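Have a look at work13.cif below; it lists mmCIF, C-alpha atoms.
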data_target
loop_
_atom_site.label_atom_id
_atom_site.label_comp_id
_atom_site.auth_asym_id
_atom_site.auth_seq_id
_atom_site.Cartn_x
_atom_site.Cartn_y
_atom_site.Cartn_z
CA MET A 1 -12.38 18.40 4.48
CA LYS A 2 -10.05 17.25 1.73
CA GLY A 3 -7.14 19.51 0.81
CA VAL A 4 -4.38 19.48 -1.77
CA MET A 5 -0.98 21.13 -1.40
CA LEU A 6 1.11 21.18 -4.56
CA GLU A 7 4.26 21.30 -2.45
CA VAL A 8 4.31 20.38 1.24
CA PRO A 9 6.71 22.68 3.13
CA GLN A 10 9.54 20.88 4.90
CA PHE A 11 8.55 22.38 8.26
CA VAL A 12 5.13 20.69 7.95
CA LEU A 13 6.75 17.32 7.22
CA ASP A 14 9.23 17.82 10.08
CA TRP A 15 6.41 18.72 12.49
CA ARG A 16 4.40 15.64 11.45
CA THR A 17 7.43 13.43 12.05
CA GLN A 18 8.26 15.00 15.43
CA THR A 19 4.69 14.71 16.72
CA GLY A 20 3.96 11.27 15.27
CA ALA A 21 1.17 12.69 13.11
CA ASP A 22 2.77 11.01 10.08
CA GLN A 23 2.28 7.42 11.29
CA PHE A 24 -0.74 6.90 9.04
CA ASP A 25 0.57 8.84 6.01
CA GLU A 26 0.53 6.96 2.73
CA MET A 27 2.35 7.54 -0.55
CA TRP A 28 0.22 7.07 -3.66
CA GLU A 29 2.49 7.02 -6.70
CA GLY A 30 4.63 9.80 -5.24
CA VAL A 31 1.70 11.80 -3.82
CA LEU A 32 1.61 12.12 -0.02
CA HIS A 33 -1.77 11.35 1.58
CA MET A 34 -1.82 12.73 5.11
CA VAL A 35 -4.42 10.60 6.86
CA PRO A 36 -5.66 11.39 10.36
CA ALA A 37 -5.53 8.77 13.09
CA PRO A 38 -8.64 6.59 13.32
CA ASN A 39 -11.12 7.55 16.02
CA VAL A 40 -11.53 5.51 19.21
CA TYR A 41 -14.48 3.44 17.89
CA HIS A 42 -12.40 2.45 14.87
CA GLN A 43 -9.41 1.59 17.06
CA ASP A 44 -11.48 -0.46 19.53
CA PHE A 45 -13.10 -2.48 16.76
CA GLN A 46 -9.78 -2.99 14.99
CA TRP A 47 -8.15 -4.22 18.21
CA GLU A 48 -11.02 -6.68 18.88
CA LEU A 49 -10.89 -8.01 15.32
CA GLU A 50 -7.10 -8.30 15.34
CA THR A 51 -7.15 -10.12 18.67
CA TRP A 52 -9.71 -12.63 17.41
CA LEU A 53 -7.75 -13.18 14.17
CA ARG A 54 -4.49 -13.72 16.06
CA LEU A 55 -5.99 -16.20 18.52
CA HIS A 56 -8.36 -18.17 16.30
CA TRP A 57 -6.83 -17.94 12.83
CA ALA A 58 -3.11 -17.03 12.96
CA ARG A 59 -1.97 -19.03 15.98
CA PRO A 60 -3.39 -22.43 14.92
CA ARG A 61 -2.23 -21.95 11.31
CA LYS A 62 1.12 -20.37 12.16
CA GLY A 63 0.05 -17.28 10.20
CA LYS A 64 0.54 -13.63 11.03
CA VAL A 65 -1.76 -10.66 11.47
CA TYR A 66 -0.34 -7.14 11.28
CA HIS A 67 -1.98 -3.79 11.84
CA HIS A 68 -1.04 -0.54 10.11
CA VAL A 69 1.81 -2.07 8.11
CA ASN A 70 3.09 -0.47 4.92
CA VAL A 71 2.13 -2.54 1.86
CA SER A 72 4.05 -1.85 -1.35
CA SER A 73 4.43 -3.31 -4.80
CA VAL A 74 7.69 -4.98 -5.76
CA GLY A 75 10.16 -2.10 -6.18
CA GLY A 76 7.52 0.45 -5.13
CA TRP A 77 8.84 1.31 -1.68
CA PRO A 78 8.89 4.13 -0.55
CA HIS A 79 7.11 5.90 -3.42
CA ASN A 80 3.93 3.85 -3.65
CA TYR A 81 2.37 2.17 -0.63
CA ARG A 82 -0.85 1.93 1.36
CA ILE A 83 -1.48 1.19 5.03
CA PRO A 84 -4.46 -1.13 5.52
CA ASP A 85 -5.99 -1.54 8.96
CA LEU A 86 -5.03 -5.24 9.07
CA VAL A 87 -3.29 -7.78 6.85
CA LEU A 88 -3.28 -11.56 7.09
CA LEU A 89 -0.27 -13.60 6.00
CA THR A 90 -0.03 -17.35 5.64
CA PRO A 91 3.44 -18.90 6.01
CA ALA A 92 3.65 -19.15 2.20
CA ARG A 93 3.78 -15.34 2.06
CA PHE A 94 6.18 -14.61 4.92
CA ASP A 95 8.89 -13.88 2.34
CA ILE A 96 7.25 -10.53 1.44
CA ASP A 97 8.13 -9.15 4.90
CA ARG A 98 10.81 -6.46 4.62
CA THR A 99 10.48 -5.34 8.29
CA ASP A 100 9.48 -1.74 7.43
CA TYR A 101 6.99 -2.82 4.77
CA LEU A 102 5.50 -5.78 2.95
CA GLU A 103 6.71 -6.03 -0.65
CA GLY A 104 3.98 -7.82 -2.53
CA PRO A 105 0.48 -9.04 -1.80
CA PRO A 106 -0.59 -10.29 1.61
CA ASP A 107 -3.26 -13.03 1.60
CA VAL A 108 -5.94 -10.66 2.89
CA VAL A 109 -6.20 -6.92 3.39
CA VAL A 110 -8.78 -5.66 5.90
CA GLU A 111 -10.03 -2.10 5.64
CA ILE A 112 -12.36 -0.69 8.28
CA ARG A 113 -14.36 1.94 6.42
CA SER A 114 -14.90 5.19 8.27
CA PRO A 115 -16.88 8.14 6.91
CA GLY A 116 -14.84 10.11 4.35
CA ASP A 117 -11.91 7.69 4.17
CA GLU A 118 -10.20 6.42 1.00
CA THR A 119 -11.02 2.72 1.29
CA VAL A 120 -12.67 2.48 -2.13
CA GLU A 121 -9.89 4.46 -3.81
CA LYS A 122 -7.32 1.93 -2.52
CA MET A 123 -8.96 -1.02 -4.28
CA PRO A 124 -7.18 -0.60 -7.67
CA PHE A 125 -3.82 -0.55 -5.85
CA TYR A 126 -4.63 -3.80 -4.04
CA ALA A 127 -5.84 -5.37 -7.30
CA GLY A 128 -2.65 -4.32 -9.10
CA LEU A 129 -0.63 -5.78 -6.26
CA GLY A 130 -2.52 -9.08 -6.58
CA VAL A 131 -4.11 -9.23 -3.10
CA PRO A 132 -6.49 -12.24 -3.34
CA GLU A 133 -9.08 -10.91 -0.88
CA VAL A 134 -10.05 -7.53 0.53
CA TRP A 135 -12.44 -7.38 3.45
CA ILE A 136 -14.18 -4.05 3.99
CA ILE A 137 -16.06 -3.68 7.26
CA ASP A 138 -18.09 -0.59 8.07
CA ARG A 139 -16.84 0.94 11.32
CA ASP A 140 -20.31 1.89 12.58
CA THR A 141 -22.68 -0.82 11.33
CA LYS A 142 -20.08 -3.64 11.12
CA ALA A 143 -21.60 -4.59 7.75
CA PRO A 144 -18.88 -6.59 5.95
CA GLU A 145 -18.02 -6.89 2.28
CA LEU A 146 -15.81 -9.60 0.80
CA HIS A 147 -14.02 -8.70 -2.44
CA VAL A 148 -12.26 -11.52 -4.31
CA LEU A 149 -9.69 -10.86 -7.04
CA LYS A 150 -10.72 -12.40 -10.36
CA GLN A 151 -8.92 -11.60 -13.61
CA GLY A 152 -7.33 -8.44 -12.26
CA SER A 153 -10.34 -6.82 -10.57
CA TYR A 154 -12.43 -7.38 -7.49
CA GLU A 155 -15.83 -9.01 -7.39
CA ASN A 156 -18.00 -8.29 -4.38
CA GLN A 157 -19.08 -11.71 -3.12
CA PRO A 158 -22.75 -12.27 -2.30
CA ALA A 159 -23.72 -13.55 1.13
CA ALA A 160 -24.70 -17.19 1.48
CA GLU A 161 -27.59 -18.58 3.49
CA GLY A 162 -27.86 -16.85 6.85
CA GLY A 163 -26.00 -13.79 5.57
CA TRP A 164 -22.54 -15.36 5.92
CA LEU A 165 -19.61 -14.29 3.75
CA SER A 166 -16.99 -17.02 3.43
CA SER A 167 -13.31 -16.39 2.85
CA ASP A 168 -11.91 -19.30 0.84
CA GLY A 169 -8.34 -18.19 1.49
CA THR A 170 -8.64 -18.25 5.28
CA GLY A 171 -11.53 -20.57 6.15
CA ILE A 172 -13.17 -17.69 8.05
CA ARG A 173 -16.76 -16.62 7.66
CA PHE A 174 -18.41 -13.46 8.92
CA ARG A 175 -21.65 -11.47 8.86
CA ALA A 176 -23.24 -8.41 10.41
CA GLU A 177 -25.47 -8.96 13.40
CA ALA A 178 -27.80 -6.33 14.79
CA PRO A 179 -27.13 -3.97 16.31
CA ASP A 180 -23.65 -3.01 15.08
CA LYS A 181 -21.95 -6.35 15.74
CA LEU A 182 -19.75 -8.53 13.56
CA ALA A 183 -20.11 -12.29 13.93
CA ILE A 184 -16.94 -14.08 12.89
CA GLU A 185 -15.88 -17.71 13.14
CA ILE A 186 -13.71 -20.37 11.63
CA ALA A 187 -16.22 -21.94 9.24
CA SER A 188 -15.66 -25.48 10.45
CA ASP A 189 -15.78 -24.56 14.14
CA ALA A 190 -18.77 -22.62 15.51
CA SER A 191 -17.14 -22.61 18.97
CA THR A 192 -14.72 -19.94 17.68
CA ARG A 193 -17.54 -17.39 17.14
#

Mind converting the file's structure to structure tokens?
Amino acid sequence: MKGVMLEVPQFVLDWRTQTGADQFDEMWEGVLHMVPAPNVYHQDFQWELETWLRLHWARPRKGKVYHHVNVSSVGGWPHNYRIPDLVLLTPARFDIDRTDYLEGPPDVVVEIRSPGDETVEKMPFYAGLGVPEVWIIDRDTKAPELHVLKQGSYENQPAAEGGWLSSDGTGIRFRAEAPDKLAIEIASDASTR
């Protein structure tokens, strides 16, 4: 159920802060989006994906992978930010790290799409920020999408032979494998799958 409150009472905000319910809240151009915590299937998949990315992509390249980090435009914090499931940063982008948030575009944003979430609605924000790639992976089927920024908007990249989607910015390729599995590897090294 989606709901809109024209004015959120302070006691509701205080309660959310005290209980930790606000950890996934996002601010969309001054409008508070109170997002529930992801379910356990989402969290398990996110943890597995993050672990693989840290070990096989970030560590050898001296990059970073963050989960649930605030991503804001330059000067947009704290009135306009989103919280992707994962972000990938190459060393060239470490300077956007402001500890509490990233100010500017990470190299890749990863959104794990769950039923009823706002993944698609976040895409214009990421495009405006200049995020080069957005990966959207369905929580249940693990079907991936690769969106590449071209001239200010995203183009959904078609799969290559064998169903692989290839990320030019990271050297990673991925595809869905039945049933409900994601195959992922460094494109030049099948042993990382």

Excluding same-chain residues fewer than 4 positions from A:Ala159, what lies within 10 Å of it counting only C-alpha atoms, as an mmCIF file with C-alpha atoms, keeping the file's coordinate frame?
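Saved as out_1.cif:
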data_model
loop_
_atom_site.group_PDB
_atom_site.id
_atom_site.type_symbol
_atom_site.label_atom_id
_atom_site.label_comp_id
_atom_site.auth_asym_id
_atom_site.auth_seq_id
_atom_site.Cartn_x
_atom_site.Cartn_y
_atom_site.Cartn_z
ATOM 1 C CA PRO A 144 -18.880 -6.590 5.950
ATOM 2 C CA GLU A 145 -18.020 -6.890 2.280
ATOM 3 C CA LEU A 146 -15.810 -9.600 0.800
ATOM 4 C CA GLY A 163 -26.000 -13.790 5.570
ATOM 5 C CA TRP A 164 -22.540 -15.360 5.920
ATOM 6 C CA LEU A 165 -19.610 -14.290 3.750
ATOM 7 C CA SER A 166 -16.990 -17.020 3.430
ATOM 8 C CA PHE A 174 -18.410 -13.460 8.920
ATOM 9 C CA ARG A 175 -21.650 -11.470 8.860
#

Contact check, stretch 78-175 of chain A to stretch 22-35 of chain A, at most 7 Å, counting all atoms listed in the file, closest pairs as CSV:
residue,atom,partner,partner_atom,distance
A:His79,CA,A:Gly30,CA,5.0
A:Asn80,CA,A:Glu29,CA,4.6
A:Tyr81,CA,A:Met27,CA,5.4
A:Arg82,CA,A:Glu26,CA,5.4
A:Ile83,CA,A:Glu26,CA,6.5

remark   = If you count all atoms listed in the file, the residue of A:Thr170, A:Thr192, A:Thr141, A:Gln157 closest to A:Ala58 turns out to be A:Thr170

key: Selection under test: the PyMOL selection byres ((chain A and resi 52) around 12); residues as a ChimeraX atom specification   = /A:45-51,53-60,65,172,182-186,192-193

ask   = Can you list, as a ChimeraX atom specification, every protein, DNA or RNA residue that comes within 10 Å of A:Lys150 when you count all atoms listed in the file, leaving out same-chain residues fewer than 5 positions away?
value = /A:127,130,132-133,155

request  = Determine the residue set returned by the PyMOL selection byres ((chain A and resi 123) around 12) for the present structure, and present it as a ChimeraX atom specification.
outcome  = /A:82,84,109-111,118-122,124-136,147-149,152-156

Could those selected residues go to a file with C-alpha atoms, as an mmCIF file, keeping the file's coordinate frame?
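Contents of the output file selection_3.cif:
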data_model
loop_
_atom_site.group_PDB
_atom_site.id
_atom_site.type_symbol
_atom_site.label_atom_id
_atom_site.label_comp_id
_atom_site.auth_asym_id
_atom_site.auth_seq_id
_atom_site.Cartn_x
_atom_site.Cartn_y
_atom_site.Cartn_z
ATOM 1 C CA ARG A 82 -0.850 1.930 1.360
ATOM 2 C CA PRO A 84 -4.460 -1.130 5.520
ATOM 3 C CA VAL A 109 -6.200 -6.920 3.390
ATOM 4 C CA VAL A 110 -8.780 -5.660 5.900
ATOM 5 C CA GLU A 111 -10.030 -2.100 5.640
ATOM 6 C CA GLU A 118 -10.200 6.420 1.000
ATOM 7 C CA THR A 119 -11.020 2.720 1.290
ATOM 8 C CA VAL A 120 -12.670 2.480 -2.130
ATOM 9 C CA GLU A 121 -9.890 4.460 -3.810
ATOM 10 C CA LYS A 122 -7.320 1.930 -2.520
ATOM 11 C CA PRO A 124 -7.180 -0.600 -7.670
ATOM 12 C CA PHE A 125 -3.820 -0.550 -5.850
ATOM 13 C CA TYR A 126 -4.630 -3.800 -4.040
ATOM 14 C CA ALA A 127 -5.840 -5.370 -7.300
ATOM 15 C CA GLY A 128 -2.650 -4.320 -9.100
ATOM 16 C CA LEU A 129 -0.630 -5.780 -6.260
ATOM 17 C CA GLY A 130 -2.520 -9.080 -6.580
ATOM 18 C CA VAL A 131 -4.110 -9.230 -3.100
ATOM 19 C CA PRO A 132 -6.490 -12.240 -3.340
ATOM 20 C CA GLU A 133 -9.080 -10.910 -0.880
ATOM 21 C CA VAL A 134 -10.050 -7.530 0.530
ATOM 22 C CA TRP A 135 -12.440 -7.380 3.450
ATOM 23 C CA ILE A 136 -14.180 -4.050 3.990
ATOM 24 C CA HIS A 147 -14.020 -8.700 -2.440
ATOM 25 C CA VAL A 148 -12.260 -11.520 -4.310
ATOM 26 C CA LEU A 149 -9.690 -10.860 -7.040
ATOM 27 C CA GLY A 152 -7.330 -8.440 -12.260
ATOM 28 C CA SER A 153 -10.340 -6.820 -10.570
ATOM 29 C CA TYR A 154 -12.430 -7.380 -7.490
ATOM 30 C CA GLU A 155 -15.830 -9.010 -7.390
ATOM 31 C CA ASN A 156 -18.000 -8.290 -4.380
#

request  = Please provide the set of residues having any atom within 7 Å of A:Lys181, restricted to all atoms listed in the file, with same-chain residues fewer than 4 positions apart removed, written as JSON, numbers by chain.
outcome  = {"A": [142, 176, 177]}
